[in-house]
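Asks: Contents of start.txt (compact mmCIF, C-alpha atoms) are below:
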```
# COMPACT_ATOMS: atom_id res chain seq x y z
CA MET A 1089 11.83 1.96 41.67
CA SER A 1090 8.98 4.29 42.63
CA ALA A 1091 6.53 5.72 40.13
CA ASP A 1092 7.82 9.21 40.90
CA HIS A 1093 11.40 8.41 39.99
CA THR A 1094 11.18 6.17 36.95
CA ALA A 1095 13.33 8.15 34.52
CA GLN A 1096 16.84 9.46 34.92
CA THR A 1097 18.27 12.74 33.69
CA ILE A 1098 21.03 13.03 31.11
CA PRO A 1099 23.58 14.26 33.75
CA GLU A 1100 22.80 11.20 35.88
CA VAL A 1101 23.45 8.88 32.94
CA GLN A 1102 26.61 10.80 32.02
CA ARG A 1103 27.92 10.20 35.55
CA LEU A 1104 27.10 6.50 35.23
CA ARG A 1105 28.99 6.36 31.95
CA ALA A 1106 32.01 8.12 33.47
CA GLU A 1107 32.07 5.73 36.45
CA LEU A 1108 31.96 2.70 34.16
CA ASP A 1109 34.62 4.12 31.89
CA ALA A 1110 36.95 4.75 34.83
CA GLN A 1111 36.59 1.07 35.78
CA GLY A 1112 37.20 -0.14 32.24
CA LYS A 1113 33.58 -1.17 31.91
CA LYS A 1114 31.03 -0.53 29.16
CA LEU A 1115 27.72 1.29 29.00
CA VAL A 1116 25.22 -0.15 26.52
CA PHE A 1117 22.52 2.07 25.02
CA THR A 1118 19.37 1.31 23.06
CA ASN A 1119 16.28 3.34 22.27
CA GLY A 1120 12.68 2.92 21.23
CA CYS A 1121 9.02 3.48 22.08
CA PHE A 1122 8.45 0.25 24.09
CA ASP A 1123 4.75 1.00 23.96
CA LEU A 1124 3.36 -2.45 24.71
CA LEU A 1125 5.99 -4.59 26.37
CA HIS A 1126 6.13 -8.22 25.22
CA ALA A 1127 8.49 -11.20 25.42
CA GLY A 1128 10.44 -10.01 22.39
CA HIS A 1129 11.29 -6.77 24.19
CA VAL A 1130 12.30 -8.57 27.37
CA ARG A 1131 14.62 -11.00 25.59
CA TYR A 1132 16.08 -8.23 23.44
CA LEU A 1133 16.86 -6.05 26.47
CA HIS A 1134 18.42 -9.03 28.27
CA ASP A 1135 20.67 -9.67 25.26
CA ALA A 1136 21.54 -5.97 25.02
CA ARG A 1137 22.53 -5.85 28.70
CA SER A 1138 24.87 -8.82 28.15
CA LEU A 1139 26.95 -6.68 25.77
CA GLY A 1140 28.29 -4.55 28.62
CA ASP A 1141 28.03 -3.69 32.28
CA ALA A 1142 24.99 -1.40 32.39
CA LEU A 1143 22.06 -0.80 30.03
CA VAL A 1144 20.47 2.60 29.44
CA VAL A 1145 17.22 2.80 27.47
CA GLY A 1146 16.34 5.97 25.61
CA LEU A 1147 12.53 6.14 25.65
CA ASN A 1148 10.57 8.18 23.11
CA SER A 1149 8.30 10.71 24.79
CA ASP A 1150 4.56 10.62 24.14
CA SER A 1151 4.78 13.48 21.64
CA SER A 1152 7.57 11.83 19.66
CA VAL A 1153 5.70 8.49 19.57
CA GLN A 1154 2.72 10.29 18.05
CA VAL A 1155 4.93 11.77 15.33
CA LEU A 1156 6.55 8.41 14.58
CA LYS A 1157 3.58 6.07 14.87
CA GLY A 1158 0.45 8.14 14.39
CA PRO A 1159 -2.25 9.81 16.48
CA ASP A 1160 -3.47 6.55 18.08
CA ARG A 1161 -0.14 5.88 19.78
CA PRO A 1162 1.24 5.52 22.36
CA LEU A 1163 -1.11 3.12 24.06
CA ASN A 1164 0.64 3.81 27.38
CA GLY A 1165 2.00 7.12 28.60
CA GLN A 1166 5.71 7.81 28.89
CA ASN A 1167 5.80 7.62 32.70
CA ASP A 1168 4.05 4.25 32.71
CA ARG A 1169 6.35 2.96 29.97
CA ALA A 1170 9.40 4.18 31.88
CA GLU A 1171 8.21 2.53 35.10
CA VAL A 1172 7.68 -0.84 33.41
CA LEU A 1173 11.07 -0.70 31.68
CA GLY A 1174 12.81 0.39 34.86
CA ALA A 1175 11.39 -2.60 36.72
CA LEU A 1176 13.19 -5.04 34.40
CA ARG A 1177 16.33 -6.60 35.82
CA ALA A 1178 18.23 -5.93 32.59
CA VAL A 1179 17.62 -2.16 32.61
CA ASP A 1180 19.82 0.11 34.72
CA ALA A 1181 18.42 3.47 33.64
CA VAL A 1182 15.69 4.99 31.46
CA VAL A 1183 15.92 8.44 29.86
CA ILE A 1184 12.88 10.00 28.18
CA PHE A 1185 13.65 12.11 25.11
CA ASP A 1186 11.66 14.31 22.75
CA GLY A 1187 12.11 14.34 19.00
CA GLU A 1188 11.94 11.57 16.45
CA ARG A 1189 15.62 10.65 16.78
CA ALA A 1190 17.90 9.84 19.69
CA THR A 1191 20.78 11.78 18.12
CA SER A 1192 21.17 14.40 20.84
CA LEU A 1193 20.97 11.71 23.51
CA ILE A 1194 23.68 9.67 21.80
CA GLU A 1195 25.86 12.79 21.52
CA ALA A 1196 25.39 13.54 25.22
CA ILE A 1197 25.84 10.01 26.58
CA LYS A 1198 28.49 8.68 24.15
CA PRO A 1199 27.71 5.02 24.93
CA HIS A 1200 30.37 2.38 24.50
CA VAL A 1201 27.93 0.02 22.74
CA TYR A 1202 24.71 0.68 20.82
CA ALA A 1203 22.21 -2.16 20.41
CA LYS A 1204 19.43 -2.40 17.83
CA GLY A 1205 16.98 -5.13 16.87
CA GLY A 1206 17.50 -7.53 13.99
CA ASP A 1207 14.85 -5.89 11.82
CA TYR A 1208 17.61 -3.33 11.21
CA THR A 1209 21.04 -3.56 9.65
CA VAL A 1210 23.87 -1.10 10.17
CA ASP A 1211 23.01 0.38 6.77
CA SER A 1212 19.32 0.76 7.60
CA LEU A 1213 19.95 2.73 10.80
CA ASN A 1214 18.84 6.34 10.60
CA ARG A 1215 21.76 8.18 9.02
CA GLU A 1216 21.67 11.01 11.60
CA GLU A 1217 21.82 8.60 14.54
CA ARG A 1218 24.46 6.48 12.82
CA ALA A 1219 26.66 9.54 12.25
CA ALA A 1220 26.39 10.43 15.95
CA LEU A 1221 27.35 6.88 16.94
CA GLU A 1222 30.36 6.88 14.63
CA GLU A 1223 31.45 10.28 15.94
CA ALA A 1224 31.25 8.95 19.52
CA GLY A 1225 33.27 5.85 18.60
CA THR A 1226 30.37 3.63 19.67
CA GLU A 1227 30.34 -0.05 18.75
CA ILE A 1228 27.10 -0.92 16.92
CA ARG A 1229 25.58 -4.34 17.59
CA ILE A 1230 22.53 -5.76 15.80
CA LEU A 1231 20.68 -8.31 17.92
CA PRO A 1232 18.31 -11.05 16.67
CA LEU A 1233 14.58 -10.57 17.00
CA VAL A 1234 12.20 -13.02 18.60
CA PRO A 1235 10.05 -14.27 15.68
CA GLY A 1236 6.39 -13.31 15.76
CA ARG A 1237 6.73 -10.79 18.57
CA SER A 1238 6.16 -7.11 17.86
CA THR A 1239 3.96 -4.34 19.19
CA THR A 1240 2.32 -3.95 15.77
CA SER A 1241 1.43 -7.64 15.51
CA THR A 1242 0.10 -7.62 19.08
CA ILE A 1243 -2.13 -4.63 18.34
CA ASN A 1244 -3.36 -6.27 15.14
CA LYS A 1245 -4.24 -9.44 17.08
CA MET A 1246 -6.15 -7.37 19.60
CA LEU A 1247 -8.06 -5.64 16.81
CA GLY A 1248 -8.66 -8.98 15.12
CA ASP A 1249 -8.90 -9.60 11.39
CA LYS A 1250 -12.05 -7.56 11.04
CA THR A 1251 -12.53 -7.34 7.32
CA SER A 1252 -14.21 -4.34 5.77
CA ASN A 1253 -15.29 -3.59 2.26
CA ARG A 1254 -13.37 -0.36 2.53
CA LEU A 1255 -9.89 -0.69 1.08
CA ARG A 1256 -7.19 0.64 3.42
CA ILE A 1257 -4.65 2.39 1.24
CA ALA A 1258 -1.32 4.10 1.72
CA ILE A 1259 -0.36 6.79 -0.79
CA LEU A 1260 3.28 7.68 -1.47
CA GLY A 1261 4.19 10.82 -3.40
CA SER A 1262 7.03 13.24 -4.01
CA GLY A 1263 5.60 16.26 -5.81
CA ALA A 1264 2.47 18.26 -6.49
CA GLY A 1265 0.04 15.63 -5.20
CA SER A 1266 -2.58 15.88 -7.97
CA ASN A 1267 -3.30 12.14 -7.88
CA LEU A 1268 -3.59 12.31 -4.09
CA ARG A 1269 -6.12 15.10 -4.47
CA ALA A 1270 -8.06 13.02 -7.02
CA ILE A 1271 -8.14 10.00 -4.69
CA ILE A 1272 -9.30 12.15 -1.76
CA ALA A 1273 -12.09 13.57 -3.93
CA ALA A 1274 -13.14 10.08 -5.07
CA VAL A 1275 -13.33 8.88 -1.45
CA GLN A 1276 -15.32 11.93 -0.42
CA ASN A 1277 -17.82 11.72 -3.27
CA GLY A 1278 -18.33 7.98 -2.79
CA THR A 1279 -16.90 6.74 -6.08
CA LEU A 1280 -14.01 5.07 -4.25
CA ASN A 1281 -14.88 2.82 -1.32
CA ALA A 1282 -11.60 3.23 0.52
CA GLU A 1283 -9.91 4.72 3.55
CA ILE A 1284 -6.61 6.56 3.25
CA ALA A 1285 -4.72 5.05 6.18
CA ILE A 1286 -1.46 6.96 5.71
CA THR A 1287 0.36 9.25 3.29
CA ILE A 1288 4.16 9.26 2.98
CA SER A 1289 6.55 11.57 1.12
CA ASP A 1290 10.30 11.69 0.63
CA GLN A 1291 10.12 15.50 0.31
CA ALA A 1292 9.54 17.40 3.55
CA ASP A 1293 8.18 20.51 1.81
CA SER A 1294 6.17 18.79 -0.93
CA SER A 1295 2.72 19.98 -1.96
CA PHE A 1296 1.77 16.31 -1.56
CA LEU A 1297 2.26 16.48 2.22
CA LYS A 1298 0.56 19.87 2.42
CA ILE A 1299 -2.55 18.47 0.71
CA ALA A 1300 -2.54 15.44 3.00
CA ARG A 1301 -2.27 17.54 6.17
CA GLU A 1302 -4.88 20.04 5.04
CA SER A 1303 -7.21 17.08 4.44
CA GLY A 1304 -6.61 15.77 7.95
CA LEU A 1305 -4.83 12.62 6.77
CA PRO A 1306 -1.97 10.89 8.63
CA ALA A 1307 1.09 12.33 6.89
CA GLN A 1308 4.71 11.25 7.30
CA PHE A 1309 7.96 12.58 5.89
CA VAL A 1310 10.64 9.93 5.47
CA ASP A 1311 14.22 11.09 5.06
CA PRO A 1312 15.27 9.43 1.78
CA GLY A 1313 19.00 9.42 2.55
CA GLY A 1314 21.93 11.17 0.94
CA ASN A 1315 21.61 9.84 -2.61
CA PRO A 1316 19.27 12.07 -4.70
CA ARG A 1317 18.25 9.15 -6.93
CA LYS A 1318 17.91 6.28 -4.47
CA LEU A 1319 15.90 5.52 -1.36
CA GLY A 1320 18.33 4.54 1.40
CA ASP A 1321 18.05 1.39 3.48
CA ALA A 1322 16.94 3.38 6.52
CA ALA A 1323 14.13 4.97 4.50
CA GLN A 1324 13.02 1.63 3.06
CA LYS A 1325 12.79 0.25 6.60
CA GLU A 1326 10.95 3.31 7.91
CA ILE A 1327 8.37 3.18 5.10
CA PHE A 1328 7.79 -0.51 5.79
CA ASP A 1329 7.22 0.20 9.49
CA HIS A 1330 4.70 2.94 8.69
CA LEU A 1331 2.78 0.64 6.35
CA GLU A 1332 2.66 -2.17 8.89
CA ARG A 1333 1.41 0.09 11.66
CA ALA A 1334 -1.28 1.50 9.37
CA ARG A 1335 -2.54 -2.03 8.53
CA VAL A 1336 -2.52 -1.23 4.83
CA ASP A 1337 -4.23 -3.31 2.12
CA VAL A 1338 -2.74 -1.54 -0.90
CA VAL A 1339 0.25 0.78 -1.42
CA VAL A 1340 -0.37 3.44 -4.08
CA LEU A 1341 2.58 5.19 -5.74
CA ALA A 1342 1.24 8.53 -6.94
CA GLY A 1343 4.17 10.47 -8.32
CA PHE A 1344 6.64 8.82 -5.96
CA MET A 1345 9.99 9.37 -7.62
CA ARG A 1346 12.13 6.76 -5.88
CA ILE A 1347 12.28 3.00 -6.23
CA LEU A 1348 10.89 0.79 -3.48
CA LYS A 1349 13.00 -2.23 -2.58
CA GLU A 1350 13.17 -4.59 0.39
CA PRO A 1351 11.48 -5.10 2.76
CA VAL A 1352 8.45 -3.38 1.18
CA ILE A 1353 8.60 -4.95 -2.28
CA SER A 1354 8.32 -8.52 -0.95
CA ALA A 1355 5.99 -7.91 1.99
CA TYR A 1356 3.50 -6.11 -0.26
CA SER A 1357 3.96 -8.17 -3.41
CA GLY A 1358 0.82 -7.92 -5.54
CA ARG A 1359 -0.40 -5.01 -3.39
CA ILE A 1360 1.68 -2.11 -4.71
CA VAL A 1361 0.23 -0.13 -7.61
CA ASN A 1362 1.69 2.69 -9.70
CA VAL A 1363 0.33 5.01 -12.36
CA HIS A 1364 2.78 5.67 -15.22
CA PRO A 1365 2.35 8.35 -17.94
CA SER A 1366 2.61 6.10 -21.00
CA LEU A 1367 0.96 3.09 -22.56
CA LEU A 1368 3.29 0.49 -21.11
CA PRO A 1369 5.33 -1.38 -22.18
CA LYS A 1370 6.25 1.69 -24.28
CA HIS A 1371 8.34 4.45 -22.72
CA LYS A 1372 9.28 3.05 -19.34
CA GLY A 1373 11.11 5.16 -16.78
CA ALA A 1374 11.35 8.92 -16.57
CA ASN A 1375 10.27 11.56 -19.13
CA ALA A 1376 7.69 9.31 -20.80
CA PRO A 1377 5.64 12.18 -22.39
CA GLN A 1378 8.78 13.62 -23.99
CA LEU A 1379 9.77 10.18 -25.24
CA ALA A 1380 6.34 9.76 -26.86
CA ILE A 1381 6.76 13.08 -28.71
CA GLU A 1382 10.29 12.24 -29.82
CA ALA A 1383 9.13 8.83 -31.07
CA GLY A 1384 6.47 10.47 -33.24
CA ASP A 1385 3.65 8.57 -31.50
CA SER A 1386 0.13 9.55 -32.49
CA GLU A 1387 -1.19 8.53 -29.09
CA THR A 1388 0.06 7.81 -25.62
CA GLY A 1389 -1.71 7.70 -22.27
CA CYS A 1390 -1.38 6.26 -18.78
CA THR A 1391 -1.08 2.82 -17.26
CA VAL A 1392 -2.05 1.62 -13.80
CA HIS A 1393 0.12 -1.40 -13.04
CA LEU A 1394 1.40 -3.55 -10.22
CA VAL A 1395 4.89 -2.76 -8.98
CA THR A 1396 7.65 -5.37 -9.03
CA ALA A 1397 11.41 -5.23 -8.56
CA GLU A 1398 11.76 -4.49 -12.29
CA ILE A 1399 10.87 -0.90 -13.15
CA ASP A 1400 7.48 -0.42 -14.89
CA ALA A 1401 7.24 -4.15 -15.66
CA GLY A 1402 4.43 -5.37 -13.40
CA ARG A 1403 1.02 -6.58 -14.52
CA THR A 1404 -1.06 -3.94 -16.31
CA LEU A 1405 -4.40 -3.38 -14.58
CA ALA A 1406 -5.87 -0.62 -16.80
CA GLN A 1407 -4.91 1.94 -19.43
CA ALA A 1408 -6.36 5.15 -20.84
CA LYS A 1409 -5.34 6.66 -24.18
CA VAL A 1410 -4.51 10.29 -24.96
CA PRO A 1411 -3.80 11.66 -28.46
CA VAL A 1412 -0.45 13.36 -29.10
CA LEU A 1413 -1.22 16.69 -30.78
CA PRO A 1414 1.08 18.32 -33.37
CA ASP A 1415 1.89 21.30 -31.13
CA ASP A 1416 2.26 19.32 -27.92
CA THR A 1417 5.15 19.90 -25.55
CA ALA A 1418 6.03 17.40 -22.84
CA GLU A 1419 4.27 19.69 -20.36
CA THR A 1420 0.99 20.09 -22.25
CA LEU A 1421 0.87 16.39 -23.08
CA HIS A 1422 1.57 15.42 -19.49
CA LEU A 1423 -1.23 17.65 -18.24
CA ARG A 1424 -3.74 15.86 -20.45
CA ILE A 1425 -2.37 12.49 -19.37
CA LYS A 1426 -2.82 13.51 -15.74
CA THR A 1427 -6.49 14.25 -16.37
CA GLU A 1428 -6.90 10.59 -17.34
CA GLU A 1429 -4.73 9.40 -14.43
CA HIS A 1430 -7.05 11.19 -12.00
CA LYS A 1431 -9.99 9.12 -13.29
CA LEU A 1432 -8.24 5.81 -13.95
CA LEU A 1433 -6.38 5.31 -10.65
CA PRO A 1434 -9.41 5.73 -8.32
CA THR A 1435 -11.45 3.46 -10.62
CA VAL A 1436 -8.87 0.66 -10.40
CA LEU A 1437 -8.66 1.01 -6.62
CA ASN A 1438 -12.44 0.87 -6.32
CA GLU A 1439 -12.47 -2.36 -8.35
CA TRP A 1440 -9.49 -3.90 -6.52
CA ARG A 1441 -11.30 -6.89 -5.06
CA GLU A 1442 -13.35 -7.44 -8.23
CA LEU A 1443 -10.07 -7.71 -10.12
CA GLY A 1444 -9.12 -10.60 -7.84
CA LEU A 1445 -6.21 -8.69 -6.27
CA PRO A 1446 -5.04 -9.45 -2.72
CA VAL A 1447 -5.61 -7.42 0.43
CA ARG A 1448 -4.09 -7.66 3.89
CA GLY A 1449 -4.72 -11.01 5.51
CA ALA A 1450 -6.69 -12.40 2.55
CA GLY A 1451 -4.37 -13.93 0.00
CA ALA A 1452 -1.64 -11.36 0.58
CA PRO A 1453 1.91 -12.57 1.24
```
Translate the structure described by the file into structure tokens.
Replies:
Amino acid sequence: MSADHTAQTIPEVQRLRAELDAQGKKLVFTNGCFDLLHAGHVRYLHDARSLGDALVVGLNSDSSVQVLKGPDRPLNGQNDRAEVLGALRAVDAVVIFDGERATSLIEAIKPHVYAKGGDYTVDSLNREERAALEEAGTEIRILPLVPGRSTTSTINKMLGDKTSNRLRIAILGSGAGSNLRAIIAAVQNGTLNAEIAITISDQADSSFLKIARESGLPAQFVDPGGNPRKLGDAAQKEIFDHLERARVDVVVLAGFMRILKEPVISAYSGRIVNVHPSLLPKHKGANAPQLAIEAGDSETGCTVHLVTAEIDAGRTLAQAKVPVLPDDTAETLHLRIKTEEHKLLPTVLNEWRELGLPVRGAGAP
């Protein structure tokens, strides 16, 4: 295959699909960035091809890779990536697509079989892509991964385990972003020796993301899924992938209103921290300032604590007290609590190593 003709058009792939269908044969489809090809990719594509009679790879364009994986990616341009993929015996066609999702490509091609790697489950597939597959009547097959092989791990090996005194943090938020703003200010004024490696929100139009982007920080929106109270499996997986690519030491929940589960909660055990507006263990969960007022407490405050699978039950790292005034409402009390949060959270992060807490590659799971 020549370098000038590495990628096929959608009509060309549609004709291939029609020819196979007329012969009672199957077209297999998979998609991804395939930025730095390794043995895991090669074996995966071989296994995917064995599911049918031709394999088409949907390849993320350079612009979509940047959106998905950050400004430092891709390492190789889309034409080079397409040429390398097209040279593999298992691959019959490569189609480059824009956008974060392959939904429109799936709708156009209507593959007989869709293959995805074993770091996914059917439930953790992007819900938009999954809906398109179900509409097309496509069989979904999850294939095993080759252990220890991934583009992220390869890049990390190339970079080496260069340790720095600067803590690499990820900040997750859902709302106004006041704690994010406080952390940014602490980094800028030198009271927090850290680097904000990535910011993530489950709300596309949140002030949190606006603050992050205006500050020039890597900012990602993750579709939380259809349930307004839970973070879907696809979102949990996507957050994990963002954290791994960003080579994060500590995950900071700053007004993030959904519960993290697997794979993040285990992979970052001891490295996820939250700030809660009460003096834990009192008033766990939502509406803590209102609960303090209703309980007749004379004081409340905020707690910076490690995050575990049990809500607001992880090890307390620091607390700050705030008096409950006679005329307080939940709103006025919460505002005063936030003032303390904005001081306490950056202080704990700055003292992370002194507290004996783990970082990436040094005592972390």
Asks: Would you compute the distance between atom CA of Lys1204 of chain A and atom CA of Ser1289 of chain A? Give it in Å to one decimal.
Replies: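 Taking atom CA of Lys1204 of chain A and atom CA of Ser1289 of chain A, their separation equals 25.3 Å.
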Asks: So which residues fall inside 9 Å of (10.4, 10.3, 0.5) if we count all atoms listed in the file? Mind giving them as a list in words?
Replies: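 I get Leu1260, Gly1261, Ser1262, Ile1288, Ser1289, Asp1290, Gln1291, Ala1292, Gln1308, Phe1309, Val1310, Asp1311, Pro1312, Gly1313, Leu1319, Ala1323, Ile1327, Phe1344, Met1345 and Arg1346 of chain A for the residues within 9 Å of that point.
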Asks: To one decimal in Å, tell me the separation between atom CA of Gly1225 of chain A and atom CA of His1200 of chain A.
Replies: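 Here the two named atoms are 7.4 Å from each other.
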Asks: If you count only C-alpha atoms, which residues fall within 6 Å of Tyr1202 of chain A, apart from same-chain ones fewer than 3 positions away, as a list in words?
Replies: Val1116, Phe1117, Thr1118 and Ile1228 of chain A
Asks: Go through A:Ala1380, A:Leu1423, A:Val1363, A:Leu1305 and flag the residue nearest Leu1405 of chain A, using all atoms listed in the file for the distances.
Replies: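 Once distances to Leu1405 of chain A are computed over all atoms listed in the file, the minimum belongs to A:Val1363.
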Asks: Within 10 Å of (-0.9, 8.4, 5.6) in the file's own coordinates, which protein, DNA or RNA residues have an atom, counting all atoms listed in the file? List them as number ranges by chain.
Replies: A: 1158, 1257-1260, 1283-1289, 1297, 1300-1301, 1304-1309, 1330-1331, 1334, 1336
Asks: Please measure the separation of atom CA of Ala1220 of chain A and atom CA of Lys1198 of chain A, giving the value in Å to one decimal.
Replies: 8.6 Å
Asks: Select, from A:Arg1333, A:His1134, A:Arg1218, A:Arg1161, the residue with the minimum atom-to-atom distance to Asp1180 of chain A, counting only C-alpha atoms.
Replies: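 Selected residue with least distance to Asp1180 of chain A: A:His1134.
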Asks: Using only C-alpha atoms, which protein or nucleic acid residues come within 8 Å of Pro1232 of chain A? Drop anything in the same chain fewer than 6 positions from it, and give the result as number ranges by chain.
Replies: A: 1132, 1205-1207
Asks: Here is a test: counting all atoms listed in the file, which residue of A:Thr1094, A:Thr1391, A:Ser1152, A:Ser1212 is nearest to Ile1425 of chain A?
Replies: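 Looking at the shortest contact to Ile1425 of chain A, the residue is A:Thr1391.
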Asks: If you count all atoms listed in the file, which residues fall within 12 Å of segment 1098-1104 of chain A, apart from same-chain ones fewer than 3 positions away, as a JSON list (two decimals) with C-alpha atoms, in the frame of the given file?
Replies:
```json
[["chain", "number", "residue", "atom", "x", "y", "z"],
["A", 1095, "ALA", "CA", 13.33, 8.15, 34.52],
["A", 1107, "GLU", "CA", 32.07, 5.73, 36.45],
["A", 1108, "LEU", "CA", 31.96, 2.70, 34.16],
["A", 1109, "ASP", "CA", 34.62, 4.12, 31.89],
["A", 1110, "ALA", "CA", 36.95, 4.75, 34.83],
["A", 1111, "GLN", "CA", 36.59, 1.07, 35.78],
["A", 1113, "LYS", "CA", 33.58, -1.17, 31.91],
["A", 1114, "LYS", "CA", 31.03, -0.53, 29.16],
["A", 1115, "LEU", "CA", 27.72, 1.29, 29.00],
["A", 1116, "VAL", "CA", 25.22, -0.15, 26.52],
["A", 1117, "PHE", "CA", 22.52, 2.07, 25.02],
["A", 1141, "ASP", "CA", 28.03, -3.69, 32.28],
["A", 1142, "ALA", "CA", 24.99, -1.40, 32.39],
["A", 1143, "LEU", "CA", 22.06, -0.80, 30.03],
["A", 1144, "VAL", "CA", 20.47, 2.60, 29.44],
["A", 1145, "VAL", "CA", 17.22, 2.80, 27.47],
["A", 1146, "GLY", "CA", 16.34, 5.97, 25.61],
["A", 1180, "ASP", "CA", 19.82, 0.11, 34.72],
["A", 1181, "ALA", "CA", 18.42, 3.47, 33.64],
["A", 1182, "VAL", "CA", 15.69, 4.99, 31.46],
["A", 1183, "VAL", "CA", 15.92, 8.44, 29.86],
["A", 1184, "ILE", "CA", 12.88, 10.00, 28.18],
["A", 1185, "PHE", "CA", 13.65, 12.11, 25.11],
["A", 1192, "SER", "CA", 21.17, 14.40, 20.84],
["A", 1193, "LEU", "CA", 20.97, 11.71, 23.51],
["A", 1194, "ILE", "CA", 23.68, 9.67, 21.80],
["A", 1195, "GLU", "CA", 25.86, 12.79, 21.52],
["A", 1196, "ALA", "CA", 25.39, 13.54, 25.22],
["A", 1197, "ILE", "CA", 25.84, 10.01, 26.58],
["A", 1198, "LYS", "CA", 28.49, 8.68, 24.15],
["A", 1199, "PRO", "CA", 27.71, 5.02, 24.93],
["A", 1200, "HIS", "CA", 30.37, 2.38, 24.50]]
```
Asks: The centre and edge lengths of an axis-aligned box containing all atoms of segment 1290-1293 of chain A present in the file, extended by 4 Å on each side, are to be given in Å to one decimal, as AutoDock Vina command-line options.
Replies:
```
--center_x 9.2 --center_y 16.1 --center_z 1.9 --size_x 10.1 --size_y 16.8 --size_z 11.2
```
Asks: Ranking A:Leu1348, A:Ala1408, A:Leu1379, A:Leu1233 by minimum distance to Thr1396 of chain A and counting only C-alpha atoms, which one comes first?
Replies: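 Among the listed residues, A:Leu1348 lies closest to Thr1396 of chain A.
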Asks: Contacts of Cys1390 of chain A at 10 Å or less, counting only C-alpha atoms, minus same-chain residues fewer than 6 places along, as number ranges by chain?
Replies: A: 1363-1368, 1376-1377, 1406-1410, 1422, 1425-1429, 1432-1433
Asks: Determine, counting all atoms listed in the file, which protein, DNA and RNA residues have an atom within 12 Å of an atom of Val1352 of chain A; residues of the same chain fewer than 3 positions away are not included. Present the result as a PDB file with C-alpha atoms, keeping the file's coordinate frame.
Replies:
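The file below, around_23.pdb, is the result:
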```
ATOM      1  CA  LEU A1319      15.900   5.520  -1.360  1.00  0.00           C
ATOM      2  CA  ASP A1321      18.050   1.390   3.480  1.00  0.00           C
ATOM      3  CA  ALA A1323      14.130   4.970   4.500  1.00  0.00           C
ATOM      4  CA  GLN A1324      13.020   1.630   3.060  1.00  0.00           C
ATOM      5  CA  LYS A1325      12.790   0.250   6.600  1.00  0.00           C
ATOM      6  CA  GLU A1326      10.950   3.310   7.910  1.00  0.00           C
ATOM      7  CA  ILE A1327       8.370   3.180   5.100  1.00  0.00           C
ATOM      8  CA  PHE A1328       7.790  -0.510   5.790  1.00  0.00           C
ATOM      9  CA  ASP A1329       7.220   0.200   9.490  1.00  0.00           C
ATOM     10  CA  HIS A1330       4.700   2.940   8.690  1.00  0.00           C
ATOM     11  CA  LEU A1331       2.780   0.640   6.350  1.00  0.00           C
ATOM     12  CA  GLU A1332       2.660  -2.170   8.890  1.00  0.00           C
ATOM     13  CA  VAL A1336      -2.520  -1.230   4.830  1.00  0.00           C
ATOM     14  CA  VAL A1338      -2.740  -1.540  -0.900  1.00  0.00           C
ATOM     15  CA  VAL A1339       0.250   0.780  -1.420  1.00  0.00           C
ATOM     16  CA  ILE A1347      12.280   3.000  -6.230  1.00  0.00           C
ATOM     17  CA  LEU A1348      10.890   0.790  -3.480  1.00  0.00           C
ATOM     18  CA  LYS A1349      13.000  -2.230  -2.580  1.00  0.00           C
ATOM     19  CA  ALA A1355       5.990  -7.910   1.990  1.00  0.00           C
ATOM     20  CA  TYR A1356       3.500  -6.110  -0.260  1.00  0.00           C
ATOM     21  CA  SER A1357       3.960  -8.170  -3.410  1.00  0.00           C
ATOM     22  CA  GLY A1358       0.820  -7.920  -5.540  1.00  0.00           C
ATOM     23  CA  ARG A1359      -0.400  -5.010  -3.390  1.00  0.00           C
ATOM     24  CA  ILE A1360       1.680  -2.110  -4.710  1.00  0.00           C
ATOM     25  CA  VAL A1395       4.890  -2.760  -8.980  1.00  0.00           C
ATOM     26  CA  THR A1396       7.650  -5.370  -9.030  1.00  0.00           C
ATOM     27  CA  ALA A1397      11.410  -5.230  -8.560  1.00  0.00           C
ATOM     28  CA  PRO A1453       1.910 -12.570   1.240  1.00  0.00           C
TER      29      PRO A1453
END
```
Asks: Identify which of the residues A:Arg1177, A:Arg1254, A:Lys1370, A:Arg1335 lies closest to Gly1278 of chain A, counting only C-alpha atoms when measuring atom-to-atom distances.
Replies: A:Arg1254
